[in-house]
Structure formats: structure tokens, C-alpha cells
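This is my_file_24.cif (mmCIF, C-alpha atoms).
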```cif
data_protein
loop_
_atom_site.group_PDB
_atom_site.id
_atom_site.type_symbol
_atom_site.label_atom_id
_atom_site.label_comp_id
_atom_site.auth_asym_id
_atom_site.auth_seq_id
_atom_site.Cartn_x
_atom_site.Cartn_y
_atom_site.Cartn_z
ATOM 1 C CA MET A 1 75.616 170.152 -34.276
ATOM 2 C CA LEU A 2 74.863 168.085 -31.155
ATOM 3 C CA GLN A 3 72.126 170.546 -30.231
ATOM 4 C CA GLN A 4 70.491 170.168 -33.645
ATOM 5 C CA ILE A 5 70.670 166.369 -33.446
ATOM 6 C CA VAL A 6 68.883 166.455 -30.084
ATOM 7 C CA ASN A 7 66.188 168.727 -31.537
ATOM 8 C CA GLY A 8 65.889 166.488 -34.578
ATOM 9 C CA LEU A 9 65.460 163.360 -32.462
ATOM 10 C CA SER A 10 62.562 164.993 -30.636
ATOM 11 C CA ILE A 11 60.530 165.892 -33.721
ATOM 12 C CA GLY A 12 61.661 162.682 -35.434
ATOM 13 C CA SER A 13 60.111 160.681 -32.588
ATOM 14 C CA VAL A 14 56.737 162.298 -33.241
ATOM 15 C CA TYR A 15 57.077 161.681 -36.982
ATOM 16 C CA ALA A 16 57.882 158.032 -36.227
ATOM 17 C CA LEU A 17 54.681 157.520 -34.236
ATOM 18 C CA MET A 18 52.610 158.850 -37.124
ATOM 19 C CA ALA A 19 54.649 157.213 -39.896
ATOM 20 C CA VAL A 20 54.233 153.743 -38.381
ATOM 21 C CA GLY A 21 50.461 154.197 -38.638
ATOM 22 C CA TYR A 22 50.732 155.129 -42.311
ATOM 23 C CA SER A 23 52.952 152.153 -43.103
ATOM 24 C CA LEU A 24 50.905 149.706 -41.055
ATOM 25 C CA VAL A 25 47.667 150.489 -42.900
ATOM 26 C CA TYR A 26 49.450 150.585 -46.258
ATOM 27 C CA SER A 27 51.133 147.228 -45.697
ATOM 28 C CA LEU A 28 47.774 145.590 -44.987
ATOM 29 C CA LEU A 29 45.336 147.349 -47.333
ATOM 30 C CA ASN A 30 47.650 148.903 -49.933
ATOM 31 C CA PHE A 31 46.340 152.462 -49.665
ATOM 32 C CA THR A 32 47.434 155.620 -47.882
ATOM 33 C CA ASN A 33 45.185 156.554 -44.963
ATOM 34 C CA PHE A 34 44.919 160.336 -45.291
ATOM 35 C CA ALA A 35 42.352 160.419 -42.467
ATOM 36 C CA HIS A 36 45.282 159.798 -40.118
ATOM 37 C CA GLY A 37 45.728 163.535 -39.539
ATOM 38 C CA VAL A 38 42.336 164.061 -37.933
ATOM 39 C CA VAL A 39 43.210 161.423 -35.307
ATOM 40 C CA VAL A 40 46.382 163.329 -34.427
ATOM 41 C CA THR A 41 44.355 166.540 -34.077
ATOM 42 C CA ALA A 42 41.722 164.791 -31.958
ATOM 43 C CA GLY A 43 44.443 163.397 -29.689
ATOM 44 C CA ALA A 44 45.841 166.875 -29.142
ATOM 45 C CA TYR A 45 42.426 168.315 -28.247
ATOM 46 C CA LEU A 46 41.460 165.386 -26.011
ATOM 47 C CA ALA A 47 44.686 165.818 -24.060
ATOM 48 C CA PHE A 48 44.156 169.586 -23.795
ATOM 49 C CA PHE A 49 40.631 169.284 -22.416
ATOM 50 C CA THR A 50 41.690 166.489 -20.071
ATOM 51 C CA LEU A 51 44.429 168.694 -18.646
ATOM 52 C CA THR A 52 42.234 171.801 -18.326
ATOM 53 C CA LEU A 53 38.806 170.374 -17.453
ATOM 54 C CA VAL A 54 39.300 166.924 -15.941
ATOM 55 C CA ARG A 55 42.653 166.548 -14.203
ATOM 56 C CA PRO A 56 45.986 168.318 -14.687
ATOM 57 C CA SER A 57 47.886 165.048 -15.039
ATOM 58 C CA PHE A 58 50.101 164.231 -18.006
ATOM 59 C CA ALA A 59 49.554 160.486 -17.536
ATOM 60 C CA VAL A 60 45.758 160.844 -17.606
ATOM 61 C CA ALA A 61 45.936 163.142 -20.641
ATOM 62 C CA LEU A 62 48.257 160.660 -22.362
ATOM 63 C CA LEU A 63 45.781 157.845 -21.763
ATOM 64 C CA ALA A 64 42.846 159.951 -23.000
ATOM 65 C CA ALA A 65 44.662 160.873 -26.208
ATOM 66 C CA MET A 66 45.682 157.286 -26.948
ATOM 67 C CA VAL A 67 42.285 155.729 -26.181
ATOM 68 C CA GLY A 68 40.426 158.479 -28.029
ATOM 69 C CA GLY A 69 42.729 158.209 -31.035
ATOM 70 C CA GLY A 70 42.319 154.444 -31.204
ATOM 71 C CA LEU A 71 38.507 154.593 -30.944
ATOM 72 C CA LEU A 72 38.234 157.357 -33.544
ATOM 73 C CA SER A 73 40.413 155.406 -35.950
ATOM 74 C CA ILE A 74 38.250 152.290 -35.548
ATOM 75 C CA THR A 75 35.084 154.368 -36.007
ATOM 76 C CA TYR A 76 35.983 155.837 -39.377
ATOM 77 C CA GLU A 77 37.330 152.477 -40.561
ATOM 78 C CA ILE A 78 33.945 150.861 -39.862
ATOM 79 C CA LEU A 79 31.813 153.725 -41.168
ATOM 80 C CA ALA A 80 33.835 154.878 -44.187
ATOM 81 C CA TYR A 81 36.464 152.401 -45.313
ATOM 82 C CA ARG A 82 34.763 149.061 -44.639
ATOM 83 C CA PRO A 83 31.712 149.675 -46.868
ATOM 84 C CA LEU A 84 34.078 150.493 -49.736
ATOM 85 C CA LEU A 85 36.200 147.424 -49.038
ATOM 86 C CA ILE A 86 33.110 145.172 -48.924
ATOM 87 C CA LYS A 87 31.975 146.527 -52.285
ATOM 88 C CA GLY A 88 35.442 145.917 -53.714
ATOM 89 C CA GLY A 89 36.042 149.618 -54.276
ATOM 90 C CA ARG A 90 39.272 150.727 -55.885
ATOM 91 C CA ARG A 91 42.034 151.894 -53.586
ATOM 92 C CA LEU A 92 41.723 155.371 -55.110
ATOM 93 C CA PHE A 93 38.214 155.580 -53.618
ATOM 94 C CA LEU A 94 39.641 154.817 -50.167
ATOM 95 C CA ILE A 95 42.217 157.582 -50.541
ATOM 96 C CA ILE A 96 39.490 160.049 -51.550
ATOM 97 C CA ALA A 97 37.335 158.921 -48.607
ATOM 98 C CA GLY A 98 40.277 159.509 -46.268
ATOM 99 C CA LEU A 99 40.718 163.044 -47.555
ATOM 100 C CA GLY A 100 36.994 163.620 -47.027
ATOM 101 C CA ILE A 101 37.158 162.338 -43.442
ATOM 102 C CA SER A 102 40.094 164.631 -42.743
ATOM 103 C CA THR A 103 38.248 167.679 -44.126
ATOM 104 C CA ILE A 104 35.051 166.833 -42.233
ATOM 105 C CA GLY A 105 36.936 166.334 -38.979
ATOM 106 C CA GLU A 106 38.844 169.600 -39.307
ATOM 107 C CA ASN A 107 35.686 171.596 -39.991
ATOM 108 C CA LEU A 108 33.753 169.907 -37.183
ATOM 109 C CA ILE A 109 36.487 170.978 -34.781
ATOM 110 C CA ILE A 110 36.251 174.553 -36.041
ATOM 111 C CA LEU A 111 32.445 174.534 -35.694
ATOM 112 C CA ARG A 112 32.281 172.941 -32.251
ATOM 113 C CA ILE A 113 35.465 174.173 -30.580
ATOM 114 C CA GLY A 114 36.609 177.128 -32.658
ATOM 115 C CA GLY A 115 39.648 177.916 -34.718
ATOM 116 C CA ARG A 116 41.759 179.469 -31.982
ATOM 117 C CA PHE A 117 44.991 177.927 -30.774
ATOM 118 C CA LYS A 118 44.767 176.041 -27.485
ATOM 119 C CA ALA A 119 47.955 176.395 -25.458
ATOM 120 C CA TYR A 120 48.606 173.588 -23.010
ATOM 121 C CA PRO A 121 49.081 174.450 -19.337
ATOM 122 C CA PRO A 122 52.679 174.027 -18.136
ATOM 123 C CA ILE A 123 53.096 170.360 -17.229
ATOM 124 C CA PHE A 124 56.872 170.080 -17.527
ATOM 125 C CA PRO A 125 59.639 172.253 -16.024
ATOM 126 C CA MET A 126 60.565 175.082 -18.374
ATOM 127 C CA GLU A 127 64.229 175.140 -17.337
ATOM 128 C CA PRO A 128 66.276 172.997 -19.764
ATOM 129 C CA LEU A 129 68.834 170.446 -18.663
ATOM 130 C CA HIS A 130 72.454 171.192 -19.546
ATOM 131 C CA VAL A 131 74.582 168.331 -20.819
ATOM 132 C CA GLY A 132 77.883 169.916 -21.760
ATOM 133 C CA PRO A 133 77.176 172.478 -24.497
ATOM 134 C CA VAL A 134 73.756 170.973 -25.231
ATOM 135 C CA GLU A 135 70.499 172.254 -23.741
ATOM 136 C CA ILE A 136 67.779 169.606 -23.593
ATOM 137 C CA ALA A 137 64.208 170.589 -22.766
ATOM 138 C CA VAL A 138 62.415 168.248 -20.370
ATOM 139 C CA VAL A 139 59.528 167.966 -22.842
ATOM 140 C CA ASP A 140 61.941 166.712 -25.524
ATOM 141 C CA ILE A 141 63.310 164.060 -23.167
ATOM 142 C CA MET A 142 59.762 162.938 -22.417
ATOM 143 C CA ILE A 143 58.826 162.851 -26.109
ATOM 144 C CA VAL A 144 61.827 160.727 -27.081
ATOM 145 C CA ALA A 145 61.528 158.386 -24.081
ATOM 146 C CA VAL A 146 57.777 157.741 -24.341
ATOM 147 C CA SER A 147 57.926 157.427 -28.134
ATOM 148 C CA LEU A 148 60.715 154.843 -27.956
ATOM 149 C CA ILE A 149 58.811 152.868 -25.310
ATOM 150 C CA ALA A 150 55.649 152.954 -27.440
ATOM 151 C CA LEU A 151 57.543 151.868 -30.550
ATOM 152 C CA LEU A 152 59.270 149.075 -28.610
ATOM 153 C CA ILE A 153 55.915 147.790 -27.312
ATOM 154 C CA PHE A 154 54.550 147.937 -30.852
ATOM 155 C CA GLN A 155 57.551 145.983 -32.141
ATOM 156 C CA LEU A 156 57.045 143.331 -29.456
ATOM 157 C CA ILE A 157 53.386 143.012 -30.433
ATOM 158 C CA ILE A 158 54.290 142.594 -34.095
ATOM 159 C CA SER A 159 57.136 140.136 -33.529
ATOM 160 C CA ARG A 160 56.102 138.137 -30.434
ATOM 161 C CA THR A 161 52.296 137.739 -30.466
ATOM 162 C CA ARG A 162 49.798 135.733 -32.520
ATOM 163 C CA ALA A 163 48.103 138.980 -33.549
ATOM 164 C CA GLY A 164 51.449 140.290 -34.762
ATOM 165 C CA LEU A 165 52.033 137.090 -36.709
ATOM 166 C CA ALA A 166 48.614 137.507 -38.335
ATOM 167 C CA ILE A 167 49.435 141.113 -39.264
ATOM 168 C CA ARG A 168 52.737 140.063 -40.831
ATOM 169 C CA ALA A 169 51.029 137.269 -42.756
ATOM 170 C CA ALA A 170 48.252 139.570 -43.973
ATOM 171 C CA ALA A 171 50.832 142.154 -45.033
ATOM 172 C CA HIS A 172 52.083 139.620 -47.579
ATOM 173 C CA ASN A 173 48.586 138.679 -48.759
ATOM 174 C CA LEU A 174 45.387 139.546 -46.892
ATOM 175 C CA ALA A 175 43.193 137.197 -48.933
ATOM 176 C CA THR A 176 45.483 134.217 -48.367
ATOM 177 C CA ALA A 177 45.678 134.973 -44.645
ATOM 178 C CA GLY A 178 41.877 134.946 -44.569
ATOM 179 C CA LEU A 179 41.814 131.515 -46.233
ATOM 180 C CA MET A 180 44.231 130.249 -43.569
ATOM 181 C CA GLY A 181 41.777 131.143 -40.800
ATOM 182 C CA VAL A 182 42.697 134.749 -39.982
ATOM 183 C CA ASN A 183 39.680 136.934 -39.194
ATOM 184 C CA SER A 184 40.338 139.701 -41.717
ATOM 185 C CA ASP A 185 37.766 142.153 -40.338
ATOM 186 C CA ALA A 186 39.090 141.840 -36.781
ATOM 187 C CA LEU A 187 42.649 142.177 -38.054
ATOM 188 C CA VAL A 188 41.857 145.392 -39.926
ATOM 189 C CA ILE A 189 40.218 146.798 -36.774
ATOM 190 C CA LEU A 190 43.329 145.885 -34.766
ATOM 191 C CA VAL A 191 45.588 147.618 -37.292
ATOM 192 C CA PHE A 192 43.506 150.806 -37.181
ATOM 193 C CA LEU A 193 43.408 150.616 -33.377
ATOM 194 C CA ILE A 194 47.208 150.467 -33.194
ATOM 195 C CA ALA A 195 47.642 153.216 -35.791
ATOM 196 C CA GLY A 196 45.088 155.444 -34.043
ATOM 197 C CA THR A 197 46.616 154.893 -30.606
ATOM 198 C CA LEU A 198 50.054 155.919 -31.854
ATOM 199 C CA ALA A 199 48.515 158.910 -33.681
ATOM 200 C CA GLY A 200 46.775 160.048 -30.490
ATOM 201 C CA LEU A 201 50.110 159.786 -28.677
ATOM 202 C CA ALA A 202 51.715 161.911 -31.387
ATOM 203 C CA GLY A 203 48.862 164.407 -31.018
ATOM 204 C CA ILE A 204 49.521 165.108 -27.344
ATOM 205 C CA PHE A 205 53.236 165.559 -28.028
ATOM 206 C CA LEU A 206 52.537 168.028 -30.835
ATOM 207 C CA GLY A 207 50.096 169.834 -28.566
ATOM 208 C CA VAL A 208 52.625 170.081 -25.749
ATOM 209 C CA LYS A 209 55.451 171.143 -28.064
ATOM 210 C CA TYR A 210 53.363 173.596 -30.087
ATOM 211 C CA THR A 211 49.594 174.035 -29.462
ATOM 212 C CA ALA A 212 46.332 172.342 -30.388
ATOM 213 C CA TYR A 213 44.596 173.835 -33.439
ATOM 214 C CA PRO A 214 42.273 172.469 -36.171
ATOM 215 C CA GLN A 215 44.971 172.195 -38.848
ATOM 216 C CA LEU A 216 47.431 170.333 -36.635
ATOM 217 C CA GLY A 217 46.786 167.154 -38.630
ATOM 218 C CA ALA A 218 48.681 168.659 -41.552
ATOM 219 C CA MET A 219 51.825 167.647 -39.649
ATOM 220 C CA THR A 220 51.072 164.078 -40.690
ATOM 221 C CA LEU A 221 52.232 165.017 -44.185
ATOM 222 C CA LYS A 222 55.750 165.003 -42.748
ATOM 223 C CA ALA A 223 55.087 161.538 -41.362
ATOM 224 C CA PHE A 224 53.876 160.472 -44.806
ATOM 225 C CA ILE A 225 57.120 161.768 -46.312
ATOM 226 C CA SER A 226 59.006 159.825 -43.624
ATOM 227 C CA ALA A 227 57.119 156.641 -44.503
ATOM 228 C CA VAL A 228 57.811 157.075 -48.227
ATOM 229 C CA PHE A 229 61.449 157.950 -47.564
ATOM 230 C CA GLY A 230 61.947 154.871 -45.386
ATOM 231 C CA GLY A 231 59.831 152.628 -47.616
ATOM 232 C CA LEU A 232 56.040 152.800 -47.510
ATOM 233 C CA GLY A 233 54.842 149.500 -46.098
ATOM 234 C CA SER A 234 58.095 148.876 -44.202
ATOM 235 C CA LEU A 235 57.667 149.495 -40.474
ATOM 236 C CA PRO A 236 61.409 149.702 -39.666
ATOM 237 C CA GLY A 237 61.782 151.922 -42.717
ATOM 238 C CA ALA A 238 59.056 154.261 -41.440
ATOM 239 C CA VAL A 239 60.877 154.714 -38.116
ATOM 240 C CA ALA A 240 64.278 155.167 -39.776
ATOM 241 C CA GLY A 241 62.832 157.615 -42.299
ATOM 242 C CA ALA A 242 61.116 159.603 -39.539
ATOM 243 C CA TYR A 243 64.271 160.095 -37.487
ATOM 244 C CA ALA A 244 66.313 160.861 -40.595
ATOM 245 C CA LEU A 245 63.792 163.465 -41.760
ATOM 246 C CA GLY A 246 63.553 165.034 -38.302
ATOM 247 C CA ILE A 247 67.332 165.492 -38.079
ATOM 248 C CA LEU A 248 67.698 166.670 -41.694
ATOM 249 C CA GLU A 249 64.889 169.210 -41.266
ATOM 250 C CA THR A 250 66.516 170.557 -38.120
ATOM 251 C CA PHE A 251 69.839 170.931 -39.900
ATOM 252 C CA VAL A 252 68.176 172.775 -42.784
ATOM 253 C CA SER A 253 66.451 175.146 -40.341
ATOM 254 C CA ALA A 254 69.646 175.790 -38.378
ATOM 255 C CA TYR A 255 72.222 176.108 -41.158
ATOM 256 C CA ILE A 256 70.212 177.295 -44.174
ATOM 257 C CA SER A 257 66.841 178.847 -43.324
ATOM 258 C CA SER A 258 63.782 177.858 -41.326
ATOM 259 C CA SER A 259 61.627 178.912 -44.286
ATOM 260 C CA MET A 260 63.337 176.207 -46.362
ATOM 261 C CA ARG A 261 62.358 173.425 -43.971
ATOM 262 C CA ASP A 262 59.112 172.442 -45.689
ATOM 263 C CA VAL A 263 60.593 173.032 -49.132
ATOM 264 C CA PHE A 264 63.350 170.551 -48.320
ATOM 265 C CA SER A 265 60.905 167.925 -47.027
ATOM 266 C CA PHE A 266 58.659 167.959 -50.071
ATOM 267 C CA LEU A 267 61.621 168.162 -52.430
ATOM 268 C CA LEU A 268 62.943 165.034 -50.724
ATOM 269 C CA LEU A 269 59.575 163.348 -51.339
ATOM 270 C CA VAL A 270 59.723 164.178 -55.059
ATOM 271 C CA LEU A 271 63.313 162.955 -55.377
ATOM 272 C CA VAL A 272 62.533 159.683 -53.611
ATOM 273 C CA LEU A 273 59.527 159.030 -55.842
ATOM 274 C CA LEU A 274 61.613 159.813 -58.931
ATOM 275 C CA PHE A 275 64.768 157.863 -58.176
ATOM 276 C CA ARG A 276 63.931 155.294 -55.475
ATOM 277 C CA PRO A 277 60.151 154.910 -55.139
ATOM 278 C CA GLN A 278 60.522 151.883 -52.861
ATOM 279 C CA GLY A 279 62.344 154.049 -50.294
ATOM 280 C CA LEU A 280 65.362 153.119 -48.217
ATOM 281 C CA MET A 281 64.063 149.829 -46.834
ATOM 282 C CA GLY A 282 60.982 149.049 -48.911
ATOM 283 C CA ARG A 283 60.554 146.492 -51.672
ATOM 284 C CA PRO A 284 59.982 147.475 -55.313
ATOM 285 C CA SER A 285 56.345 147.305 -56.426
ATOM 286 C CA GLY A 286 54.194 148.456 -59.307
ATOM 287 C CA GLU A 287 52.560 151.226 -57.308
ATOM 288 C CA LYS A 288 53.990 153.314 -54.500
ATOM 289 C CA ALA A 289 52.521 156.176 -52.483
#
```
Take the structure in this file and express it as C-alpha cells.
Amino acid sequence: MLQQIVNGLSIGSVYALMAVGYSLVYSLLNFTNFAHGVVVTAGAYLAFFTLTLVRPSFAVALLAAMVGGGLLSITYEILAYRPLLIKGGRRLFLIIAGLGISTIGENLIILRIGGRFKAYPPIFPMEPLHVGPVEIAVVDIMIVAVSLIALLIFQLIISRTRAGLAIRAAAHNLATAGLMGVNSDALVILVFLIAGTLAGLAGIFLGVKYTAYPQLGAMTLKAFISAVFGGLGSLPGAVAGAYALGILETFVSAYISSSMRDVFSFLLLVLVLLFRPQGLMGRPSGEKA
């Protein structure tokens, strides 16, 4: 059981990085950003090419993935979402645009890079650490540690800075925050920058743990389930839901069947939407997810 909890914490950390991005955008603009997956995929590829073509340094690859993810997220917000927001488009149109961005990004990767899996060069020791009966891979320690540091920095930004105060105010009512002097356009860019940076970080971890491939962004569906489970729009709920889902999935794989892992996750999503649509830590609202 301890071994499965350790494994669950590792994948849960990656889910948390992606789920926070989902909840952050939803809390501000009240729609689900389904273009989030292409940023994760881009982060994985940027890190891969940095390691293989530029410099075999994990720190440099980490920086490339985060910066690239943040810039890509800002780019599609300006080019795709903002024109719809300016025109007062319905939130359904934003969701459809996000799905279109995700499909375009995936196919561009296939056209320009190819559909083959890109295995990362070995950047961490392969020999696991033994803590009693538990074997802990070095990559899992790095994933959990860096993810927790990133989430802590994000929490400090949200709770201790003027920008964080503006985000929290806009999450209650963006229009009212604008009337009180908050620059709404700059705030939206900041939110997408944070979400994209965390998604790029998740991308390199998924690439290291698995590989980089065009459909890697589909993993963000698990982060979406985590966000809904914890309470879409609730940042603490997104993190709690991510770690809970990661551990529960690992238990299902270990004690039932690995083929039931995805079935369990999406069944959980359906049950949450049926019986507690606000999630574990979210607030009831007319629309959810």
C-alpha cells in the first residue's frame, strides 16, 4: 500500500499542475480551457529538444518548457479567446475554440515533427532509492518536490501579491474588478501565463516519466476530472482532487486492473456531476463543467 501511495503522489503532482490551470481560467472567465492540453504537449517537446539539441541539462529544459508553455498560452488567448470575449461571445464558443486549438496544435506537431514517440535521454539515475519496503524512483522524487515548490510559489503569488489580490477579486466578479481599477486584459494574460507555465512544467514531467508524443495532451483530461472532483474554480480543491485521483487510480491499477484505470476516472467524473456537481471544495452554481 505504501508503494502505491508513493506512485499515486507522483502522478497526482502532475495532475495538480494541470488542474490548477483549468481551475484558474475557469474561476476568472467561467469556461473550461480545453486548449490546455496542447500547452502540455508543447512543454514536453520543448524540453526534449532542449535536452537533445541544445544542452543536456534538466534545469535548462525545465526553464524552456515553462517559458514556452507560458508564451504559447498567452498567444492563443490573444489570437483566439480575446476576439470572442470582446464580441461578447457565449462561453460555449470559447470551449469550442479551445477544442479547435487543441486539434490544430496536435496536427501541427504531427506534420512538423512526426507522430513517433520521443524518448527522453537518461537525466536521472535509474536505480531506485529504498526506504524500507518502498522503492522510490529518483524521477518521482523530483516530480513531487518540484511540483510542490511550484504550487507553493503559485499560492504565495495568489495570497501575498497585488496581482494575486486582483485575481481573487476578479474570480468573484471580473466586471466589478474592472470598475474598481483592475486592468482586466492584463489580468487575463497573467492568468493564462501562470496556467501555461504550470502546464509546461507538467509537460516535461510527463515526457520524462513516459515519452513525448502528439497526443500527450489527452492526459489533461485527468487533470480536468481532478478539477471537477475537487471543485472546478476552487484552486485548493483542484490540488486536493488531483492528489486524490492520482492515489485512487494507482490503487485501482494495483488491486483491480490497470485496464480499469481510465474507466474508474471517467466514472468518478460522471458520479461527481450527478451527485455533487460543485465538487469537494467548490461552491454550488447554476452551471458546472
Minimum-distance residue to Leu94 (chain A), chosen among A:Gln4, A:Leu79, A:Phe264, A:Ile123 (using all atoms listed in the file)
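Of A:Gln4, A:Leu79, A:Phe264, A:Ile123, the one nearest Leu94 (chain A), counting all atoms listed in the file, is A:Leu79.
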Report, in Å with one decimal, the straight-line distance from CA of Val208 (chain A) to CA of Phe49 (chain A).
12.5 Å
Measuring atom to atom with all atoms listed in the file, identify which of A:Leu156, A:Glu127, A:Ser259, A:Ala44 is nearest to Gly68 (chain A).
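Among the listed residues, A:Ala44 lies closest to Gly68 (chain A).
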Nearest candidate to Thr250 (chain A) (options A:Val6, A:Leu92, A:Leu235, A:Val54; using all atoms listed in the file):
A:Val6
Would you mind reading off the distance between CA of Ile149 (chain A) and CA of Thr161 (chain A), one decimal, in Å?
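Interatomic distance here is 17.3 Å.
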Shell around Val182 (chain A) at 9 Å using only C-alpha atoms, local window under 6 positions removed, as a PDB file with C-alpha atoms, in the coordinates of the input:
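The result, written out as around-v8.pdb:
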```pdb
ATOM      1  CA  ALA A 166      48.614 137.507 -38.335  1.00  0.00           C
ATOM      2  CA  ALA A 170      48.252 139.570 -43.973  1.00  0.00           C
ATOM      3  CA  LEU A 174      45.387 139.546 -46.892  1.00  0.00           C
ATOM      4  CA  THR A 176      45.483 134.217 -48.367  1.00  0.00           C
TER       5      THR A 176
END
```
Here CA of Arg90 (chain A) and CA of Asn173 (chain A) stand apart by 16.8 Å
Would you kindly return, as a PyMOL selection string, each protein, DNA or RNA residue with an atom no farther than 9 Å from any atom of Leu71 (chain A), considering all atoms listed in the file and excluding same-chain residues fewer than 3 positions away?
chain A and resi 66-68+74-76+192-193+196-197
With C-alpha atoms retained, export the selected residues as a compact mmCIF listing (two decimals), in the frame of the given file.
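out.txt, written as the output of this step:
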```
# COMPACT_ATOMS: atom_id res chain seq x y z
CA MET A 66 45.68 157.29 -26.95
CA VAL A 67 42.28 155.73 -26.18
CA GLY A 68 40.43 158.48 -28.03
CA ILE A 74 38.25 152.29 -35.55
CA THR A 75 35.08 154.37 -36.01
CA TYR A 76 35.98 155.84 -39.38
CA PHE A 192 43.51 150.81 -37.18
CA LEU A 193 43.41 150.62 -33.38
CA GLY A 196 45.09 155.44 -34.04
CA THR A 197 46.62 154.89 -30.61
```
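With distances restricted to all atoms listed in the file, A:Ser226 is the closest residue to Val14 (chain A) from A:Asn183, A:Thr103, A:Ser226, A:Ser257.
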Residue by residue, what does the PyMOL selection byres ((chain A and resi 239) around 9) grab here? Present the result as a PyMOL selection string.
chain A and resi 12-13+15-17+19-20+151+226-227+230+234-238+240-244
Which neighbours of Leu232 (chain A) fall inside 9 Å, counting only C-alpha atoms, when residues of the same chain fewer than 4 positions from it are skipped, and could you give them as a PDB file with C-alpha atoms, in the frame of the given file?
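As a result, part_27.pdb now contains:
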```
ATOM      1  CA  ALA A  19      54.649 157.213 -39.896  1.00  0.00           C
ATOM      2  CA  TYR A  22      50.732 155.129 -42.311  1.00  0.00           C
ATOM      3  CA  SER A  23      52.952 152.153 -43.103  1.00  0.00           C
ATOM      4  CA  LEU A  24      50.905 149.706 -41.055  1.00  0.00           C
ATOM      5  CA  TYR A  26      49.450 150.585 -46.258  1.00  0.00           C
ATOM      6  CA  SER A  27      51.133 147.228 -45.697  1.00  0.00           C
ATOM      7  CA  PHE A 224      53.876 160.472 -44.806  1.00  0.00           C
ATOM      8  CA  SER A 226      59.006 159.825 -43.624  1.00  0.00           C
ATOM      9  CA  ALA A 227      57.119 156.641 -44.503  1.00  0.00           C
ATOM     10  CA  VAL A 228      57.811 157.075 -48.227  1.00  0.00           C
ATOM     11  CA  GLY A 237      61.782 151.922 -42.717  1.00  0.00           C
ATOM     12  CA  ALA A 238      59.056 154.261 -41.440  1.00  0.00           C
ATOM     13  CA  PRO A 277      60.151 154.910 -55.139  1.00  0.00           C
ATOM     14  CA  GLN A 278      60.522 151.883 -52.861  1.00  0.00           C
ATOM     15  CA  GLY A 279      62.344 154.049 -50.294  1.00  0.00           C
ATOM     16  CA  MET A 281      64.063 149.829 -46.834  1.00  0.00           C
ATOM     17  CA  GLY A 282      60.982 149.049 -48.911  1.00  0.00           C
ATOM     18  CA  ARG A 283      60.554 146.492 -51.672  1.00  0.00           C
ATOM     19  CA  LYS A 288      53.990 153.314 -54.500  1.00  0.00           C
ATOM     20  CA  ALA A 289      52.521 156.176 -52.483  1.00  0.00           C
TER      21      ALA A 289
END
```
Could you expand the PyMOL selection byres ((chain A and resi 106-117) around 6) into the explicit residues it covers here, written as a PyMOL selection string?
chain A and resi 103-105+118+212-214
Kindly export the residues of the current selection with C-alpha atoms, as a PDB file, keeping the file's coordinate frame.
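For reference, selection12.pdb as written:
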```pdb
ATOM      1  CA  THR A 103      38.248 167.679 -44.126  1.00  0.00           C
ATOM      2  CA  ILE A 104      35.051 166.833 -42.233  1.00  0.00           C
ATOM      3  CA  GLY A 105      36.936 166.334 -38.979  1.00  0.00           C
ATOM      4  CA  LYS A 118      44.767 176.041 -27.485  1.00  0.00           C
ATOM      5  CA  ALA A 212      46.332 172.342 -30.388  1.00  0.00           C
ATOM      6  CA  TYR A 213      44.596 173.835 -33.439  1.00  0.00           C
ATOM      7  CA  PRO A 214      42.273 172.469 -36.171  1.00  0.00           C
TER       8      PRO A 214
END
```
Check what the PyMOL selection byres ((chain A and resi 3) around 9) selects in the file above and give those residues as a PyMOL selection string.
chain A and resi 1-2+4-8+133-136
Centre and size of axis-aligned box enclosing region 151-158 of chain A plus 4 Å each side, as AutoDock Vina command-line options:
```
--center_x 56.3 --center_y 147.2 --center_z -30.7 --size_x 13.9 --size_y 17.3 --size_z 14.8
```
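Remark: for Phe58 (chain A), the closest of the candidate residues A:Phe93, A:Phe205, A:Phe31, A:Phe229 is A:Phe205 (distances computed over all atoms listed in the file).
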Residues near region 85-89 of chain A, cut-off 12 Å, all atoms listed in the file, skip fewer than 3 positions along chain, as a PyMOL selection string:
chain A and resi 29-31+77-82+92-97+184-185+188
Would you pick out the contacts of Pro122 (chain A) at 12 Å or less, using only C-alpha atoms, so that residues sharing its chain but fewer than 3 positions from it are not included, and give the list as a list in words?
Phe48, Leu51, Thr52, Pro56, Ser57, Phe58, Ala119, Pro125, Met126, Glu127, Val138, Val139, Gly207, Val208, Lys209, Tyr210 and Thr211 of chain A
Identify which of the residues A:Val270, A:Ile101, A:Gly200, A:Ile189 lies closest to Ala61 (chain A), counting all atoms listed in the file when measuring atom-to-atom distances.
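Once distances to Ala61 (chain A) are computed over all atoms listed in the file, the minimum belongs to A:Gly200.
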Given the point (40.1, 162.0, -37.8) in the coordinates of this file, which residues lie within 7 Å, counting only C-alpha atoms, and how would they look as a ChimeraX atom specification?
/A:35-39,42,72-73,101-102,105
C-alpha atoms of the current selection, written as a PDB file, in the frame of the given file:
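Result went into part-v1.pdb, see below:
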```pdb
ATOM      1  CA  ALA A  35      42.352 160.419 -42.467  1.00  0.00           C
ATOM      2  CA  HIS A  36      45.282 159.798 -40.118  1.00  0.00           C
ATOM      3  CA  GLY A  37      45.728 163.535 -39.539  1.00  0.00           C
ATOM      4  CA  VAL A  38      42.336 164.061 -37.933  1.00  0.00           C
ATOM      5  CA  VAL A  39      43.210 161.423 -35.307  1.00  0.00           C
ATOM      6  CA  ALA A  42      41.722 164.791 -31.958  1.00  0.00           C
ATOM      7  CA  LEU A  72      38.234 157.357 -33.544  1.00  0.00           C
ATOM      8  CA  SER A  73      40.413 155.406 -35.950  1.00  0.00           C
ATOM      9  CA  ILE A 101      37.158 162.338 -43.442  1.00  0.00           C
ATOM     10  CA  SER A 102      40.094 164.631 -42.743  1.00  0.00           C
ATOM     11  CA  GLY A 105      36.936 166.334 -38.979  1.00  0.00           C
TER      12      GLY A 105
END
```
In the coordinates of the file, take the point (57.4, 171.0, -48.2) and a cut-off of 10 Å; then, counting only C-alpha atoms, name each qualifying protein, DNA or RNA residue as a count of residues only.
15
Would you mind putting N, CA and C atoms back on region 13-18 of chain A and writing the result as a short mmCIF file (atom, residue, chain, number, x, y, z; two decimals), in the coordinates of the input?
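Saved to part34.cif:
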```cif
data_model
loop_
_atom_site.label_atom_id
_atom_site.label_comp_id
_atom_site.auth_asym_id
_atom_site.auth_seq_id
_atom_site.Cartn_x
_atom_site.Cartn_y
_atom_site.Cartn_z
N SER A 13 60.88 161.65 -33.37
CA SER A 13 60.11 160.68 -32.59
C SER A 13 58.61 160.83 -32.85
N VAL A 14 58.16 162.07 -32.95
CA VAL A 14 56.74 162.30 -33.24
C VAL A 14 56.41 161.84 -34.66
N TYR A 15 57.29 162.16 -35.61
CA TYR A 15 57.08 161.68 -36.98
C TYR A 15 57.00 160.15 -37.01
N ALA A 16 57.84 159.49 -36.22
CA ALA A 16 57.88 158.03 -36.23
C ALA A 16 56.55 157.44 -35.76
N LEU A 17 55.96 158.03 -34.72
CA LEU A 17 54.68 157.52 -34.24
C LEU A 17 53.61 157.59 -35.32
N MET A 18 53.62 158.68 -36.07
CA MET A 18 52.61 158.85 -37.12
C MET A 18 52.95 158.01 -38.35
#
```
